[in-house]
Structure formats: C-alpha cells, structure tokens
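One structure is given here, and the rest of the page talks about it.
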Amino acid sequence: MSRRVSRSRTALAALLGAALTAPLTLTAGPAQAGGRYTVTPLTFTVRAGDRRCAVDANLYRPAGVDHAHPAAAVLTTNGFGGSKSDGSTDAIGKAFAERGYVSLVYSGLGFGHSGCLISLDDPGIDGEAASRLVDFLGGTRPADDGTRADFVTLDAPGDPRVGMIGGSYGGAIQLATASVDHRVDALVPLITWNDLVYSLDPNNAVGARDVPGAFKWQWTNGFYLVGESQPLTTPSLDPSRINSLACLHFVRDACDTVHTLDSGSYPAGRTGRLLAYARSVSPASYLSRVQAPTLLVQGQADTLFNLNEATASYRTLRAQGTPAALIWQSWGHSGGLTDPAAGELNLTQGNLESSYVGRRILAWFHRYLNKDRSTRTGPAFAYYRDWITDPDRTYATADRVPALSRTLYLSGDGTLVDTRAKVVRGSRGYTNWLVPTSHSESSLAGAVGVPDPAPYDTKGTYLAWTGAPLTGNLDVVGAPQVTLRVVSPKAERTQHSGDAADRLVLFAKLYDVAPDGTRMLVHRLVAPVRVPDVTRSFTVTLPGIVHRYAAGHRLRFVIAASDDAYFGNRGIKPVTVVSAPGDTGVLRLPVVGG
C-alpha cells in the first residue's frame, strides 16, 4: 500500500470513530505475546440475514486460561471504515487479554477482510452475525478451521460470560447484538448513536419525530464515501461485498436513504419509508429488547453523535429497568479522538487504570462479568469539566442528568433578560440567501488535516439575543431548550405542499461572548430545526453541553437562516420574531452549582 493511500485510510477511519494507528501484522498461527496472551487469527462463516458472510477475527487468549481455568470474554469490533487490526480495536483486545479476559476482536461486516455488505449495524444482520461469535465463545460452534473455545466461563451450557465494548459503529453493534442475544452480559458503547434519523437528518423541534430535519451532508457523505471506496483500502474484496454499480458496498436501503437526502427533496411516501429504515437500524427502535447492563460513554466534542443521543438511550434503558449508567467524556468524533486530554481514556494506549472512564469500565466488567457484586460501578451520571486543570478532579458526578433550572426571556431589543417584566416590545427579522451564510464547522476538517474557520453568521441572515455580563460563573450541564414563535408568510404558504423540503428551516445555537467581544460556539454545536408549523409556537432542544460561562462573559442565543454543514431552506423565506412581555421566546438552561 502506498504511503498516500495508507494515510488517507487512517485519516478517514479516524474521522468515523476508529482512531487508527498502523495495522498490526499477525502470523498465520498462534503467536506468543510476551508470555501474557496468544493471538490466533480465525475465520467464521456465519448466516447474517439472507447471506452467508465470512467474519475475520483475532482471538486473544490470556496465559493460563484453559478448560480447567476459564475466564470471561470480551467481544469487540471496529468503528466505521476500520477493521480488527486498527490501533484502537486491536488495543482493546490486548488490554483486556492482559487483564485476564478472553478477547475476540473481529472486523465488522463489509470492513477489513470480513464479507457481506455494510448494513449499518442492523440487528437482523450485523447483530445476528455477532451472535454467532457468541456461539463460538460458548463452545457450541467452531471456527472454520475447527478451533473451539472451551476456556470461557459459562453461565449455562452454550451461554458464555461475555461483555462487549467499542466506539461509534463498534458501539451500536453492541446494542444490536444484545437485542437479539440475551446471553450478552454487559455493554460499554462509546460515542455511538441512538437514532440515525436524528444523527444524519436532525430535527431538534420537540414532538417533530416524523418531520424530516436538515440533512447533515458533510458527515453523511463522509461515511458514504468511506463505504463505497472499499476497493481503495481493501484489495481483493470478497464477492459478497459487492452489491451493484448503483450501490457498491451498502445494502440498498442505506444507499437509497443517502441518495434521497442528497437530493434535497422530501416527498412524503418515499421519505417516510427511508427514514423508517434508518430508524429501524437504530437503537431507538430496539432498546426495549436490551437487557444487558449498559455503561454509555458519549463525547462532548461530537457534532456527529452528540450528547443527546446517549442521554436518550440512557433514559430508555433506565425507564425499562435495564441497569445503566451515563458518562459524558471530553472526546468524540469532533475532537480529542486521537489525542485525548491528559487523564482521559485513550483506547490506543489502553490506559484503563489511570483514567476515570477506564476505571469505570473495569469496574463495570468486574461486577457483571466476574460477578463480583461487591464492586461498585460508580454514580448514575458523570461529566467532564474542561475548566478544571487537575486531571484527577475533572469529573463531577450526580444521580441524574441535570434538569432545566434557569429561565431567560428573548426581549424585542435583542437582549436576554431574567424576568418577563424586563422584556421590551419589539419586532426584528432576517432573511436567508440561496447560499449558506452561517458556518459552524467543516465536519471533515480534522480528519483531512485542514484548518476550520471560526463560526460566523452573516449580517441580515440571523437574529441574536445577548445577556448582560455574568456576575459569577454559570455552569451549564445538559441540553438547553428554547420555545419560539416566528412569522414567515412565505413558509406558511408552502409548508403544506406535500414535500417537507418546503417547510421553514432555521438553526438555533448558544455562543459564549468574552468581555473583549470574541465569541465561542461550544464544540461548534447547533440545533437544526425544520419547523413543523410556522403558525404555532415550537420548542427546540439544543445539543447537550458541559460548559462554564465565566464571570464577565455573556450568553448569546442565535437563530440563523442557514449553516453550511447542513442543507437548509428551499427558496427565500423571510422570518420575523415579535416580542412582548406576555408573549416572547423563552430560553431554559440546565444549570448546576447555584
């Protein structure tokens, strides 16, 4: 492989959650690794949906583990675009083998040297394939070369003691597998999705589940490019990984969904069917079947799968009685993935004992895989604070995700005020252009090594409300909400056209404005909204954040007409916002610590 192709492969896979380093070269048979464990390459031919797929795997077996001295197992796979040999995926296998667990690391379907099409962690395909690997760990089926695992702790005949861990694409597969195979005993999904419709075509308007959002075209087409370009990164593809010229390496519904979103049009019947497909391969549709204790870890620096995703999964699991805990760590797809902050979990280095998240993972597995009920797994909720300099004190904990507790009002003069009595009656407006005029991020900038301009909004295409300088620190932990009402006669005339693309789109966001006037959009997060009905007020849930607005700084709430990381309005749709003391927009913040 040329240096250029290797570098491109590493960058793209890191972008989508694999955090790669150079692949590990393995021998054809068991290889001793410093006397700690052996690594054995294995292949499994499994039934996945309507196809038979070859799954490429590595078995990490700790020294001293045998039939008479069995051990619990850990199953893991790669992030999107990666393979079993990626730096972080291989490191997980090593890390847990070094700590006495049998590790089975495999390339997900359609990646590395595993066969079949990319099917977006579909429980009926990817989940079933992973379940066949659980069969192997349970001793009921051999690998293709006849290798059997008779050294994994069993809870019952054919029921191995097994946990799963992995990030992004390797995170959702855990929930998919546990939904079809209740033998899985513990899960640790990192930086993964709850609902692909929200991830790729988000509509942050509360109650607008069936109204398409604003297409996140940069991230989505980045995934699509990585999937469709497999021949560039994996020569001599298994024929089962080829679909058709119109859809090379994905299942057809996945390609149709991307093609429809790229068209910028949302015809009711077709769009509804394809968005239903995206939801069907999302944990949101099958979490009710997940019983395994689940430690969810989500990244604050993540515009792909933001904190709201793990929070939604966490609340669903807890409500149905599934043991679950939630950690908001610092790094995600948009920052810190390959160079975590000091003291943070680094999957490539395997620093489990020396990082807060790593210790929580070890405790989770010790309790649920080693069945040590005396092991405390930690609080229900923990979050990373980037304003704390001591790495041993960066995490704060709570028994629940903070509730909305501070209310501000959108005054007609463009200020944020703390009581309705201070609201000034007024009317202000903006209009969109036919090209984007606001910038939050270049989603792929970090992966391809190009600078990303600071966020900006163009005059006349947005409205802002700015608060007074803070008299003390304000710590916001969670997802702010805003209730708005806008006036847009053009949007009102087109919103019932039969194509959701004719409805009004806007983008809500919160800036931190320093005393010198410089602005910071926290982790470049925005809330796209396709307004369900412009004749009614609507509530928007912004992406969750953990941020200290320091004393002397000001909060600034903005609604913008566009954002160049998303598809926006079709046609020109001027917007007016009217404020009066008894009828104005309301911003609610989840504030902790006073």
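Chain labels run A, B, ... following the order of the structure tokens; each chain numbers its residues from 1, and ligands are numbered from 1 in the order shown.
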
What's around Arg360 (chain A) at 10 Å? Count only C-alpha atoms, leave out sequence neighbours fewer than 2 positions away in its own chain, and write the answer as JSON, numbers by chain. {"A": [295, 325, 327, 352, 353, 355, 356, 357, 358, 362, 363, 364, 365, 366, 376, 377, 378, 379]}

Could you write those residues out with all heavy atoms, as a short mmCIF file (atom, residue, chain, number, x, y, z; two decimals), in the first residue's frame?
data_model
loop_
_atom_site.label_atom_id
_atom_site.label_comp_id
_atom_site.auth_asym_id
_atom_site.auth_seq_id
_atom_site.Cartn_x
_atom_site.Cartn_y
_atom_site.Cartn_z
N LEU A 295 -23.14 0.57 30.18
CA LEU A 295 -22.43 1.80 30.55
C LEU A 295 -22.24 2.61 29.29
O LEU A 295 -21.43 2.27 28.42
CB LEU A 295 -21.07 1.46 31.18
CG LEU A 295 -20.16 2.65 31.50
CD1 LEU A 295 -20.82 3.60 32.51
CD2 LEU A 295 -18.81 2.16 32.03
N ALA A 325 -25.70 3.29 33.24
CA ALA A 325 -25.04 4.49 33.74
C ALA A 325 -24.56 5.29 32.53
O ALA A 325 -24.41 4.75 31.43
CB ALA A 325 -23.87 4.13 34.66
N ILE A 327 -21.84 8.42 31.10
CA ILE A 327 -20.67 9.28 31.27
C ILE A 327 -20.56 10.19 30.04
O ILE A 327 -20.60 9.71 28.90
CB ILE A 327 -19.37 8.46 31.42
CG1 ILE A 327 -19.44 7.54 32.64
CG2 ILE A 327 -18.16 9.39 31.53
CD1 ILE A 327 -18.25 6.61 32.77
N LEU A 352 -6.46 2.06 31.11
CA LEU A 352 -7.70 1.84 31.84
C LEU A 352 -7.59 2.23 33.31
O LEU A 352 -8.44 2.95 33.84
CB LEU A 352 -8.14 0.39 31.70
CG LEU A 352 -8.48 -0.05 30.26
CD1 LEU A 352 -8.71 -1.55 30.20
CD2 LEU A 352 -9.70 0.70 29.74
N GLU A 353 -6.56 1.77 33.99
CA GLU A 353 -6.44 2.05 35.42
C GLU A 353 -6.14 3.50 35.73
O GLU A 353 -6.45 3.98 36.82
CB GLU A 353 -5.35 1.17 36.06
CG GLU A 353 -5.76 -0.28 36.29
CD GLU A 353 -5.57 -1.14 35.06
OE1 GLU A 353 -5.08 -0.60 34.02
OE2 GLU A 353 -5.89 -2.34 35.11
N SER A 355 -7.23 6.28 34.05
CA SER A 355 -8.22 7.24 33.57
C SER A 355 -9.55 6.98 34.26
O SER A 355 -9.89 5.85 34.60
CB SER A 355 -8.40 7.14 32.05
OG SER A 355 -8.89 5.85 31.69
N TYR A 356 -10.30 8.05 34.48
CA TYR A 356 -11.60 7.91 35.16
C TYR A 356 -12.52 6.96 34.40
O TYR A 356 -13.10 6.04 34.97
CB TYR A 356 -12.26 9.27 35.33
CG TYR A 356 -13.65 9.18 35.93
CD1 TYR A 356 -13.82 9.04 37.30
CD2 TYR A 356 -14.78 9.20 35.12
CE1 TYR A 356 -15.09 8.92 37.86
CE2 TYR A 356 -16.06 9.09 35.66
CZ TYR A 356 -16.21 8.94 37.03
OH TYR A 356 -17.47 8.82 37.57
N VAL A 357 -12.66 7.20 33.08
CA VAL A 357 -13.56 6.37 32.29
C VAL A 357 -13.06 4.93 32.25
O VAL A 357 -13.85 3.98 32.35
CB VAL A 357 -13.72 6.93 30.87
CG1 VAL A 357 -14.55 6.00 29.99
CG2 VAL A 357 -14.37 8.32 30.92
N GLY A 358 -11.73 4.74 32.15
CA GLY A 358 -11.17 3.39 32.14
C GLY A 358 -11.48 2.64 33.42
O GLY A 358 -11.84 1.44 33.39
N LEU A 362 -13.59 -0.89 33.82
CA LEU A 362 -13.08 -2.07 34.52
C LEU A 362 -14.04 -2.49 35.63
O LEU A 362 -14.31 -3.70 35.81
CB LEU A 362 -11.70 -1.79 35.09
CG LEU A 362 -10.55 -1.67 34.08
CD1 LEU A 362 -9.27 -1.25 34.79
CD2 LEU A 362 -10.35 -2.99 33.33
N ALA A 363 -14.56 -1.54 36.38
CA ALA A 363 -15.50 -1.86 37.45
C ALA A 363 -16.78 -2.46 36.89
O ALA A 363 -17.34 -3.41 37.45
CB ALA A 363 -15.80 -0.61 38.27
N TRP A 364 -17.24 -1.92 35.76
CA TRP A 364 -18.47 -2.42 35.13
C TRP A 364 -18.31 -3.89 34.76
O TRP A 364 -19.17 -4.73 35.05
CB TRP A 364 -18.80 -1.58 33.91
CG TRP A 364 -20.21 -1.69 33.42
CD1 TRP A 364 -20.67 -2.44 32.39
CD2 TRP A 364 -21.35 -1.00 33.95
NE1 TRP A 364 -22.02 -2.27 32.23
CE2 TRP A 364 -22.46 -1.38 33.18
CE3 TRP A 364 -21.53 -0.09 34.99
CZ2 TRP A 364 -23.75 -0.90 33.42
CZ3 TRP A 364 -22.82 0.39 35.24
CH2 TRP A 364 -23.91 0.00 34.46
N PHE A 365 -17.20 -4.20 34.10
CA PHE A 365 -16.96 -5.59 33.69
C PHE A 365 -16.69 -6.49 34.90
O PHE A 365 -17.09 -7.65 34.92
CB PHE A 365 -15.81 -5.66 32.70
CG PHE A 365 -16.19 -5.31 31.28
CD1 PHE A 365 -15.21 -5.07 30.33
CD2 PHE A 365 -17.52 -5.23 30.90
CE1 PHE A 365 -15.55 -4.76 29.01
CE2 PHE A 365 -17.88 -4.92 29.59
CZ PHE A 365 -16.89 -4.68 28.65
N HIS A 366 -16.01 -5.95 35.91
CA HIS A 366 -15.72 -6.79 37.07
C HIS A 366 -17.01 -7.19 37.78
O HIS A 366 -17.16 -8.34 38.22
CB HIS A 366 -14.80 -6.05 38.05
CG HIS A 366 -14.16 -6.95 39.06
ND1 HIS A 366 -13.29 -7.96 38.72
CD2 HIS A 366 -14.29 -7.00 40.41
CE1 HIS A 366 -12.90 -8.59 39.82
NE2 HIS A 366 -13.50 -8.03 40.86
N ARG A 376 -18.39 -1.67 43.24
CA ARG A 376 -19.24 -0.51 42.99
C ARG A 376 -18.92 0.05 41.61
O ARG A 376 -17.76 0.30 41.28
CB ARG A 376 -19.04 0.53 44.08
CG ARG A 376 -19.31 0.00 45.47
CD ARG A 376 -19.19 1.08 46.53
NE ARG A 376 -20.20 2.12 46.35
CZ ARG A 376 -20.35 3.14 47.19
NH1 ARG A 376 -19.54 3.28 48.24
NH2 ARG A 376 -21.29 4.06 46.98
N THR A 377 -19.95 0.26 40.81
CA THR A 377 -19.74 0.68 39.42
C THR A 377 -19.77 2.20 39.25
O THR A 377 -19.60 2.70 38.15
CB THR A 377 -20.80 0.06 38.51
OG1 THR A 377 -22.11 0.42 38.98
CG2 THR A 377 -20.67 -1.45 38.50
N GLY A 378 -19.99 2.94 40.34
CA GLY A 378 -19.95 4.39 40.24
C GLY A 378 -21.33 5.00 40.13
O GLY A 378 -22.35 4.31 40.10
N PRO A 379 -21.39 6.33 40.02
CA PRO A 379 -22.66 7.05 40.01
C PRO A 379 -23.43 6.84 38.71
O PRO A 379 -22.88 6.39 37.69
CB PRO A 379 -22.24 8.51 40.17
CG PRO A 379 -20.87 8.55 39.56
CD PRO A 379 -20.24 7.23 39.91
#

Selection: 7 Å around region 551-556 of chain A, only C-alpha atoms, excl. self and same-chain fewer than 2 positions, as a ChimeraX atom specification: /A:464-473,510-515,549,558

Give me a file of those residues, with C-alpha atoms, as a PDB file, in the first residue's frame.
ATOM      1  CA  ALA A 464     -29.257  37.302  18.225  1.00  0.00           C
ATOM      2  CA  TRP A 465     -30.244  37.916  21.837  1.00  0.00           C
ATOM      3  CA  THR A 466     -27.396  38.743  24.239  1.00  0.00           C
ATOM      4  CA  GLY A 467     -27.451  38.690  28.034  1.00  0.00           C
ATOM      5  CA  ALA A 468     -25.793  41.063  30.474  1.00  0.00           C
ATOM      6  CA  PRO A 469     -22.258  40.259  31.718  1.00  0.00           C
ATOM      7  CA  LEU A 470     -22.429  37.453  34.259  1.00  0.00           C
ATOM      8  CA  THR A 471     -21.686  38.415  37.859  1.00  0.00           C
ATOM      9  CA  GLY A 472     -20.446  34.880  38.613  1.00  0.00           C
ATOM     10  CA  ASN A 473     -19.604  31.632  36.868  1.00  0.00           C
ATOM     11  CA  LEU A 510     -25.661  29.376  22.022  1.00  0.00           C
ATOM     12  CA  TYR A 511     -22.480  31.452  21.960  1.00  0.00           C
ATOM     13  CA  ASP A 512     -20.175  32.378  24.840  1.00  0.00           C
ATOM     14  CA  VAL A 513     -19.162  36.036  24.369  1.00  0.00           C
ATOM     15  CA  ALA A 514     -15.994  37.124  26.174  1.00  0.00           C
ATOM     16  CA  PRO A 515     -15.517  40.645  27.599  1.00  0.00           C
ATOM     17  CA  TYR A 549     -19.754  30.666  31.130  1.00  0.00           C
ATOM     18  CA  VAL A 558     -28.869  32.944  17.919  1.00  0.00           C
TER      19      VAL A 558
END

Please indicate the distance in Å from CA of Gln349 (chain A) to CA of Ile361 (chain A), rounded to one decimal place. 14.9 Å

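Distances from A:Ala382, A:Ala205, A:Val162, A:Leu245 to Arg400 (chain A) were compared using only C-alpha atoms, and the smallest one belongs to A:Ala382.
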
Run DSSP on the backbone and give me the residues of region 110-245 of chain A it puts in alpha helix (DSSP H), as JSON, numbers by chain. {"A": [128, 129, 130, 131, 132, 133, 134, 135, 136, 137, 169, 170, 171, 172, 173, 174, 175, 176, 177, 178, 179, 180, 196, 197, 198, 199, 200, 217, 218, 219, 220, 221, 222, 223, 224, 225, 226, 227, 228, 230, 231, 232, 233]}

Residues near Tyr368 (chain A), cut-off 8 Å, only C-alpha atoms, skip fewer than 4 positions along chain, as JSON, numbers by chain: {"A": [185, 186, 293, 364, 372, 373]}

Take the residues from that selection and write them out as a PDB file, in the first residue's frame, keeping N, CA, C and O atoms.
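For reference, part-v1.pdb as written:
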ATOM      1  N   ASP A 185     -23.733 -10.214  28.559  1.00  0.00           N
ATOM      2  CA  ASP A 185     -23.867  -9.876  29.976  1.00  0.00           C
ATOM      3  C   ASP A 185     -23.596  -8.420  30.319  1.00  0.00           C
ATOM      4  O   ASP A 185     -24.018  -7.955  31.386  1.00  0.00           O
ATOM      5  N   ALA A 186     -22.857  -7.694  29.500  1.00  0.00           N
ATOM      6  CA  ALA A 186     -22.528  -6.296  29.824  1.00  0.00           C
ATOM      7  C   ALA A 186     -22.101  -5.581  28.553  1.00  0.00           C
ATOM      8  O   ALA A 186     -21.454  -6.181  27.676  1.00  0.00           O
ATOM      9  N   PRO A 293     -26.731  -5.018  31.278  1.00  0.00           N
ATOM     10  CA  PRO A 293     -26.288  -3.775  31.914  1.00  0.00           C
ATOM     11  C   PRO A 293     -25.388  -2.970  30.974  1.00  0.00           C
ATOM     12  O   PRO A 293     -24.456  -3.525  30.380  1.00  0.00           O
ATOM     13  N   TRP A 364     -17.243  -1.919  35.763  1.00  0.00           N
ATOM     14  CA  TRP A 364     -18.473  -2.424  35.128  1.00  0.00           C
ATOM     15  C   TRP A 364     -18.310  -3.893  34.755  1.00  0.00           C
ATOM     16  O   TRP A 364     -19.174  -4.729  35.051  1.00  0.00           O
ATOM     17  N   ASP A 372     -18.742 -10.044  40.636  1.00  0.00           N
ATOM     18  CA  ASP A 372     -18.365  -9.572  41.959  1.00  0.00           C
ATOM     19  C   ASP A 372     -19.343  -8.479  42.371  1.00  0.00           C
ATOM     20  O   ASP A 372     -19.182  -7.304  42.025  1.00  0.00           O
ATOM     21  N   ARG A 373     -20.377  -8.850  43.094  1.00  0.00           N
ATOM     22  CA  ARG A 373     -21.432  -7.914  43.452  1.00  0.00           C
ATOM     23  C   ARG A 373     -20.968  -6.865  44.467  1.00  0.00           C
ATOM     24  O   ARG A 373     -21.681  -5.891  44.723  1.00  0.00           O
TER      25      ARG A 373
END

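Closest approach to Gly498 (chain A) among A:Thr271, A:Thr43, A:Thr89, A:Thr77: A:Thr271, based on only C-alpha atoms.
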
So which residues touch region 582-592 of chain A within 6 Å, counting only C-alpha atoms, skipping near sequence neighbours fewer than 3 positions away, as a PyMOL selection string? chain A and resi 402-410+475-478+480-484+579

Mind checking which residues fall within 7 Å of region 458-463 of chain A, counting only C-alpha atoms, ignoring those fewer than 5 positions away in the same chain, and posting them as a short mmCIF file (atom, residue, chain, number, x, y, z; two decimals) with N, CA and C atoms, in the first residue's frame?
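So result-v9.cif came out as:
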data_model
loop_
_atom_site.label_atom_id
_atom_site.label_comp_id
_atom_site.auth_asym_id
_atom_site.auth_seq_id
_atom_site.Cartn_x
_atom_site.Cartn_y
_atom_site.Cartn_z
N TYR A 430 -35.05 38.60 9.72
CA TYR A 430 -33.90 38.24 8.87
C TYR A 430 -34.43 37.52 7.65
N THR A 431 -33.57 37.31 6.68
CA THR A 431 -33.94 36.51 5.52
C THR A 431 -32.76 35.66 5.09
N ASN A 432 -33.05 34.52 4.53
CA ASN A 432 -31.98 33.65 4.05
C ASN A 432 -31.57 34.02 2.64
N THR A 437 -25.04 31.19 4.68
CA THR A 437 -24.41 32.42 5.16
C THR A 437 -23.93 32.30 6.60
N SER A 438 -24.08 31.11 7.20
CA SER A 438 -23.55 30.85 8.54
C SER A 438 -22.68 29.61 8.50
N VAL A 558 -28.77 32.56 19.33
CA VAL A 558 -28.87 32.94 17.92
C VAL A 558 -29.78 31.97 17.18
N ILE A 559 -30.63 32.51 16.31
CA ILE A 559 -31.27 31.68 15.29
C ILE A 559 -30.78 32.19 13.94
N ALA A 560 -30.27 31.27 13.14
CA ALA A 560 -29.69 31.62 11.85
C ALA A 560 -30.48 30.97 10.73
N ALA A 561 -30.42 31.58 9.56
CA ALA A 561 -31.19 31.09 8.41
C ALA A 561 -30.56 29.88 7.77
#

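Within the 6 Å cut-off around Gly49 (chain A), using only C-alpha atoms and omitting residues fewer than 2 positions from it on the same chain, the listed residues are Arg51, Gly124 and Ile125 of chain A.
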
From the set A:Phe44, A:Tyr266, A:Tyr456, A:Tyr566, which residue has the shortest atom-to-atom contact distance to Leu304 (chain A), counting only C-alpha atoms? A:Tyr566

With a distance cut-off of 10 Å and only C-alpha atoms, select the neighbouring residues of Gly163 (chain A), excluding the residue or stretch itself and same-chain residues fewer than 6 positions from it, and output the selection as an mmCIF file with C-alpha atoms, in the first residue's frame.
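Listed below is the output, result.cif:
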data_model
loop_
_atom_site.group_PDB
_atom_site.id
_atom_site.type_symbol
_atom_site.label_atom_id
_atom_site.label_comp_id
_atom_site.auth_asym_id
_atom_site.auth_seq_id
_atom_site.Cartn_x
_atom_site.Cartn_y
_atom_site.Cartn_z
ATOM 1 C CA ALA A 72 -14.946 -14.297 30.991
ATOM 2 C CA ALA A 73 -14.780 -12.927 27.453
ATOM 3 C CA VAL A 74 -14.866 -9.502 25.813
ATOM 4 C CA LEU A 75 -16.122 -9.112 22.230
ATOM 5 C CA THR A 76 -15.296 -6.005 20.179
ATOM 6 C CA TYR A 101 -10.242 -11.685 29.792
ATOM 7 C CA SER A 103 -10.858 -11.233 23.839
ATOM 8 C CA VAL A 134 -21.105 -15.608 20.950
ATOM 9 C CA GLN A 174 -23.356 -3.950 20.994
ATOM 10 C CA ALA A 178 -27.853 -7.618 22.893
ATOM 11 C CA ARG A 183 -26.558 -14.159 26.569
ATOM 12 C CA VAL A 184 -24.538 -10.925 26.380
ATOM 13 C CA ASP A 185 -23.867 -9.876 29.976
ATOM 14 C CA ALA A 186 -22.528 -6.296 29.824
ATOM 15 C CA LEU A 187 -22.126 -3.486 27.284
ATOM 16 C CA VAL A 188 -19.910 -0.416 27.036
ATOM 17 C CA ALA A 292 -27.651 -6.335 29.416
ATOM 18 C CA PRO A 293 -26.288 -3.775 31.914
ATOM 19 C CA THR A 294 -25.053 -0.858 29.802
ATOM 20 C CA TRP A 364 -18.473 -2.424 35.128
ATOM 21 C CA PHE A 365 -16.958 -5.593 33.693
ATOM 22 C CA TYR A 368 -21.137 -8.013 35.578
ATOM 23 C CA LEU A 369 -18.589 -10.388 34.007
#

Among region 19-253 of chain A, which residues carry a DSSP assignment of strand (DSSP E or B), reported as JSON, numbers by chain? {"A": [31, 32, 33, 37, 38, 39, 40, 41, 42, 43, 44, 45, 46, 47, 48, 51, 52, 53, 54, 55, 56, 57, 58, 59, 60, 61, 62, 71, 73, 74, 75, 76, 77, 102, 103, 104, 105, 106, 118, 152, 154, 155, 156, 159, 160, 162, 163, 164, 165, 166, 167, 184, 185, 186, 187, 188, 189, 190, 205, 244, 247, 250]}

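Considering the residues A:Val417, A:Val423, A:Ala565, A:Leu307 and counting only C-alpha atoms, Ile545 (chain A) has its shortest atom-to-atom contact with A:Leu307.
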
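Counting only C-alpha atoms, the residue from A:Arg161, A:His523, A:His496, A:His182 that sits nearest to His333 (chain A) is A:His523.
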